file data_29.txt (compact mmCIF, C-alpha atoms and all ligand atoms)
# COMPACT_ATOMS: atom_id res chain seq x y z
CA MET A 287 0.00 0.00 0.00
CA GLU A 288 1.31 3.44 -0.90
CA ARG A 289 2.21 5.48 2.15
CA ILE A 290 0.57 8.89 2.41
CA PRO A 291 3.22 11.58 3.07
CA SER A 292 2.91 13.31 6.42
CA PRO A 293 1.28 16.70 6.11
CA GLU A 294 2.51 19.51 8.31
CA LEU A 295 1.52 18.82 11.88
CA THR A 296 0.07 22.22 12.54
CA TYR A 297 -3.52 21.24 13.31
CA THR A 298 -4.59 21.49 16.92
CA GLY A 299 -5.95 18.62 18.96
CA THR A 300 -9.31 20.40 19.01
CA GLN A 301 -9.40 20.50 15.20
CA VAL A 302 -8.70 16.78 14.99
CA ASN A 303 -11.38 16.14 17.62
CA TYR A 304 -13.92 18.22 15.67
CA TYR A 305 -13.13 16.35 12.46
CA PHE A 306 -14.62 13.27 14.10
CA VAL A 307 -17.46 15.14 15.82
CA CYS A 308 -18.68 17.15 12.81
CA LYS A 309 -16.84 18.39 9.72
CA ARG A 310 -18.93 21.57 9.66
CA LYS A 311 -17.93 22.30 13.24
CA LEU A 312 -14.29 21.77 12.26
CA TRP A 313 -14.65 24.25 9.40
CA LEU A 314 -16.47 26.89 11.49
CA PHE A 315 -14.02 26.61 14.38
CA SER A 316 -11.01 26.78 12.06
CA ARG A 317 -12.36 29.93 10.41
CA ASN A 318 -12.48 31.58 13.82
CA PHE A 319 -16.18 31.24 14.39
CA GLU A 320 -15.18 30.68 17.98
CA MET A 321 -18.25 30.34 20.13
CA GLU A 322 -16.87 27.65 22.41
CA GLN A 323 -16.17 29.95 25.33
CA THR A 324 -19.88 30.62 25.77
CA SER A 325 -20.75 26.96 26.02
CA ASP A 326 -21.76 25.73 29.49
CA LEU A 327 -20.34 22.34 28.59
CA VAL A 328 -16.93 23.85 27.97
CA SER A 329 -17.09 25.63 31.35
CA LEU A 330 -18.07 22.38 33.00
CA GLY A 331 -15.19 20.63 31.27
CA SER A 332 -12.71 23.20 32.57
CA LEU A 333 -14.11 22.95 36.09
CA LEU A 334 -14.02 19.18 36.01
CA HIS A 335 -10.48 19.32 34.79
CA GLU A 336 -9.42 21.56 37.68
CA VAL A 337 -11.27 19.68 40.42
CA ALA A 338 -10.68 16.07 39.41
CA TYR A 339 -7.01 16.39 38.65
CA SER A 340 -5.96 19.47 40.56
CA ARG A 341 -3.00 17.73 42.18
CA LYS A 342 -1.80 15.83 39.14
CA THR A 343 -2.55 18.21 36.32
CA LYS A 344 0.22 20.12 34.72
CA GLU A 345 -0.86 21.06 31.25
CA ILE A 346 1.93 20.91 28.74
CA ASP A 347 1.51 23.36 25.90
CA LEU A 348 3.37 22.18 22.81
CA GLY A 349 1.76 24.63 20.43
CA PRO A 350 -0.78 22.76 18.34
CA ILE A 351 -1.20 20.10 20.99
CA LYS A 352 -1.87 20.56 24.68
CA ILE A 353 -1.32 17.58 26.93
CA ASP A 354 -3.28 17.55 30.19
CA PHE A 355 -0.49 15.77 32.01
CA LEU A 356 2.28 13.23 31.53
CA SER A 357 2.97 10.21 33.68
CA ARG A 358 5.68 7.57 33.65
CA GLY A 359 5.98 5.45 30.53
CA PRO A 360 5.73 8.07 29.16
CA GLU A 361 1.95 8.19 29.18
CA VAL A 362 0.15 11.13 27.62
CA HIS A 363 -3.13 11.90 29.43
CA ASP A 364 -6.20 13.62 28.08
CA ILE A 365 -9.13 14.27 30.43
CA LYS A 366 -12.64 13.96 29.05
CA ARG A 367 -16.10 14.37 30.52
CA SER A 368 -18.01 11.49 28.95
CA LYS A 369 -17.52 8.71 26.43
CA ARG A 370 -20.30 10.07 24.22
CA ILE A 371 -18.02 10.88 21.30
CA GLU A 372 -15.32 8.37 22.09
CA ALA A 373 -14.13 8.07 18.49
CA ALA A 374 -13.20 11.77 18.59
CA HIS A 375 -11.28 11.31 21.84
CA ILE A 376 -9.35 8.37 20.40
CA GLY A 377 -8.68 10.22 17.13
CA GLN A 378 -7.35 13.22 19.06
CA MET A 379 -5.12 11.05 21.24
CA LEU A 380 -3.76 9.16 18.22
CA TYR A 381 -2.86 12.52 16.69
CA TYR A 382 -1.01 13.50 19.87
CA LEU A 383 0.95 10.23 19.81
CA TYR A 384 1.70 10.62 16.10
CA TRP A 385 2.77 14.25 16.56
CA LEU A 386 5.13 13.28 19.38
CA LYS A 387 6.54 10.30 17.46
CA ARG A 388 7.42 12.58 14.55
CA ARG A 389 9.54 14.45 17.08
CA GLY A 390 11.24 11.32 18.38
CA ILE A 391 9.03 10.71 21.43
CA VAL A 392 7.30 7.34 21.55
CA ALA A 393 4.50 7.43 24.12
CA ARG A 394 1.32 5.62 25.11
CA GLY A 395 -1.96 7.42 25.46
CA VAL A 396 -4.53 7.35 28.23
CA ILE A 397 -7.93 9.03 28.02
CA ASP A 398 -9.20 9.68 31.55
CA TYR A 399 -12.92 9.81 32.28
CA PRO A 400 -13.02 10.94 35.93
CA LEU A 401 -16.83 11.13 36.12
CA LEU A 402 -17.05 7.52 34.95
CA ARG A 403 -13.97 6.46 36.93
CA ARG A 404 -12.60 4.87 33.79
CA ARG A 405 -9.56 5.14 31.61
CA GLN A 406 -9.03 4.13 28.00
CA GLU A 407 -5.56 3.18 26.84
CA VAL A 408 -4.57 4.10 23.28
CA LYS A 409 -1.62 2.71 21.34
CA LEU A 410 -0.23 4.05 18.08
CA THR A 411 0.24 1.06 15.75
CA ALA A 412 1.54 1.24 12.18
CA GLU A 413 -2.00 0.91 10.88
CA ARG A 414 -3.22 3.67 13.18
CA GLU A 415 -0.39 5.92 12.00
CA ARG A 416 -1.75 5.56 8.48
CA GLU A 417 -5.22 6.37 9.82
CA VAL A 418 -3.88 9.58 11.37
CA GLU A 419 -2.27 10.52 8.06
CA ARG A 420 -5.53 9.92 6.23
CA THR A 421 -7.37 12.01 8.84
CA LEU A 422 -4.93 14.90 8.41
CA GLU A 423 -5.34 14.76 4.64
CA GLU A 424 -9.11 14.82 5.08
CA ILE A 425 -8.92 17.79 7.45
CA LYS A 426 -6.85 19.61 4.85
CA ARG A 427 -9.49 18.85 2.23
CA VAL A 428 -12.37 20.07 4.45
CA LEU A 429 -10.56 23.29 5.37
CA SER A 430 -9.55 24.08 1.80
CA SER A 431 -13.20 24.48 0.85
CA PRO A 432 -14.42 28.11 0.74
CA GLU A 433 -17.80 26.98 2.08
CA PRO A 434 -18.54 25.00 5.23
CA PRO A 435 -19.91 21.49 4.82
CA PRO A 436 -23.72 21.46 5.07
CA ALA A 437 -25.30 21.08 8.50
CA GLU A 438 -26.41 17.55 9.25
CA LYS A 439 -28.57 16.83 12.28
CA LYS A 440 -26.72 14.85 14.89
CA SER A 441 -27.74 13.76 18.35
CA TYR A 442 -25.30 16.22 19.92
CA CYS A 443 -26.25 19.28 17.80
CA ARG A 444 -28.32 20.76 20.65
CA LYS A 445 -25.27 20.80 22.88
CA CYS A 446 -23.03 22.26 20.18
CA SER A 447 -22.07 25.91 20.51
CA TYR A 448 -22.82 26.39 16.79
CA TYR A 449 -26.42 25.20 17.13
CA GLU A 450 -27.96 28.61 16.48
CA LEU A 451 -25.71 29.21 13.52
CA CYS A 452 -26.72 25.90 11.95
CA TRP A 453 -30.36 25.55 12.84
CA CYS A 454 -32.01 28.88 13.80
S1 LIG A 501 -24.85 22.20 15.42
FE1 LIG A 501 -24.62 20.13 14.60
S2 LIG A 501 -24.28 20.43 12.38
FE2 LIG A 501 -23.90 22.40 13.40
S3 LIG A 501 -21.70 22.46 13.77
FE3 LIG A 501 -22.67 21.68 15.63
S4 LIG A 501 -22.64 19.44 15.42
FE4 LIG A 501 -22.25 20.32 13.38
call {"tool": "encode", "arguments": {"input": "data_29.txt", "output": "structure tokens"}}
result
Amino acid sequence: MERIPSPELTYTGTQVNYYFVCKRKLWLFSRNFEMEQTSDLVSLGSLLHEVAYSRKTKEIDLGPIKIDFLSRGPEVHDIKRSKRIEAAHIGQMLYYLYWLKRRGIVARGVIDYPLLRRRQEVKLTAEREREVERTLEEIKRVLSSPEPPPAEKKSYCRKCSYYELCWC
């Protein structure tokens, strides 16, 4: 199988997450239609983050990617509220692991769900590396369009900060 060349790793973890959540949301967010700060869910997420991991958390800002905290292994941790959009959480973590590997750091990933008292381990295999590369190519394709993808009703639209923009 032909290997897809690595695109520049300049996308943020949030962009990769939104690719899996909704391609229209990815486009709107990337064009600076930033409405996330007004979302109660985002506030709750920040609060949860501070309370649940206040002793352990030391966010590491690497530019496009922000790691909630690192533990021995090394293990890269990302804290999430619920498993509702788990595919997006896994896709985001795989991107983190891929991004780090391209810089010579081989790590494992752990998605922490403190409200559920669960953790999901994520490993970057060769096949998953190719998936990340395909995802990055797809993100590039979505963002190169002058128009956002059409709105498509999803179960989580009502909780999305772009709801009014899409449906009112
Ligand atoms: S409201 Fe629904 S369609 Fe619109 S951006 Fe959010 S998730 Fe996508």
call {"tool": "closest_residue", "arguments": {"input": "data_29.txt", "among": "A:Trp453, A:Tyr382, A:Tyr399, A:Phe306", "to": "A:Lys369", "atoms": "only C-alpha atoms"}}
result
A:Tyr399
call {"tool": "residues_near_ligand", "arguments": {"input": "data_29.txt", "ligand": "ligand LIG 501 (chain A)", "cutoff": "6 Å", "atoms": "all atoms listed in the file", "output": "PDB file with C-alpha atoms, in the frame of the given file"}}
result
ATOM      1  CA  CYS A 308     -18.680  17.150  12.810  1.00  0.00           C
ATOM      2  CA  ARG A 310     -18.930  21.570   9.660  1.00  0.00           C
ATOM      3  CA  LYS A 311     -17.930  22.300  13.240  1.00  0.00           C
ATOM      4  CA  ALA A 437     -25.300  21.080   8.500  1.00  0.00           C
ATOM      5  CA  GLU A 438     -26.410  17.550   9.250  1.00  0.00           C
ATOM      6  CA  LYS A 439     -28.570  16.830  12.280  1.00  0.00           C
ATOM      7  CA  LYS A 440     -26.720  14.850  14.890  1.00  0.00           C
ATOM      8  CA  CYS A 443     -26.250  19.280  17.800  1.00  0.00           C
ATOM      9  CA  CYS A 446     -23.030  22.260  20.180  1.00  0.00           C
ATOM     10  CA  TYR A 448     -22.820  26.390  16.790  1.00  0.00           C
ATOM     11  CA  TYR A 449     -26.420  25.200  17.130  1.00  0.00           C
ATOM     12  CA  CYS A 452     -26.720  25.900  11.950  1.00  0.00           C
TER      13      CYS A 452
END
call {"tool": "residues_around", "arguments": {"input": "data_29.txt", "residues": "A:Trp313", "least_positions_apart": "3", "cutoff": "6 Å", "atoms": "all atoms listed in the file", "output": "list in words"}}
result
Arg310, Ser316, Leu429 and Pro434 of chain A
call {"tool": "closest_residue", "arguments": {"input": "data_29.txt", "among": "A:Arg444, A:Arg388, A:His375, A:Arg427", "to": "A:Glu407", "atoms": "only C-alpha atoms"}}
result
A:His375
call {"tool": "residues_around", "arguments": {"input": "data_29.txt", "residues": "A:Ile371", "least_positions_apart": "3", "cutoff": "12 Å", "atoms": "all atoms listed in the file", "output": "ChimeraX atom specification"}}
result
/A:303-308,366-368,374-378,440-442
call {"tool": "atom_distance", "arguments": {"input": "data_29.txt", "atom1": "atom CA of A:Ile353", "atom2": "atom CA of A:Glu372"}}
result
17.4 Å
call {"tool": "atom_distance", "arguments": {"input": "data_29.txt", "atom1": "atom CA of A:Asp364", "atom2": "atom CA of A:Lys352"}}
result
8.9 Å
call {"tool": "atom_distance", "arguments": {"input": "data_29.txt", "atom1": "atom CA of A:Glu413", "atom2": "atom CA of A:Tyr297"}}
result
20.5 Å
call {"tool": "closest_residue", "arguments": {"input": "data_29.txt", "among": "A:Arg414, A:Arg358, A:Arg403, A:His363", "to": "A:Ile346", "atoms": "all atoms listed in the file"}}
result
A:His363
call {"tool": "closest_atom_pairs", "arguments": {"input": "data_29.txt", "of": "stretch 343-412 of chain A", "to": "stretch 417-425 of chain A", "cutoff": "8 Å", "atoms": "only C-alpha atoms", "output": "Markdown table"}}
result
| residue | atom | partner | partner_atom | distance |
| --- | --- | --- | --- | --- |
| A:Gly377 | CA | A:Val418 | CA | 7.5 |
| A:Leu380 | CA | A:Val418 | CA | 6.9 |
| A:Tyr381 | CA | A:Val418 | CA | 6.2 |
| A:Tyr384 | CA | A:Val418 | CA | 7.4 |
call {"tool": "write_last_selection", "arguments": {"input": "data_29.txt", "atoms": "C-alpha atoms", "output": "PDB file, in the frame of the given file"}}
result
ATOM      1  CA  GLY A 377      -8.680  10.220  17.130  1.00  0.00           C
ATOM      2  CA  LEU A 380      -3.760   9.160  18.220  1.00  0.00           C
ATOM      3  CA  TYR A 381      -2.860  12.520  16.690  1.00  0.00           C
ATOM      4  CA  TYR A 384       1.700  10.620  16.100  1.00  0.00           C
TER       5      TYR A 384
END
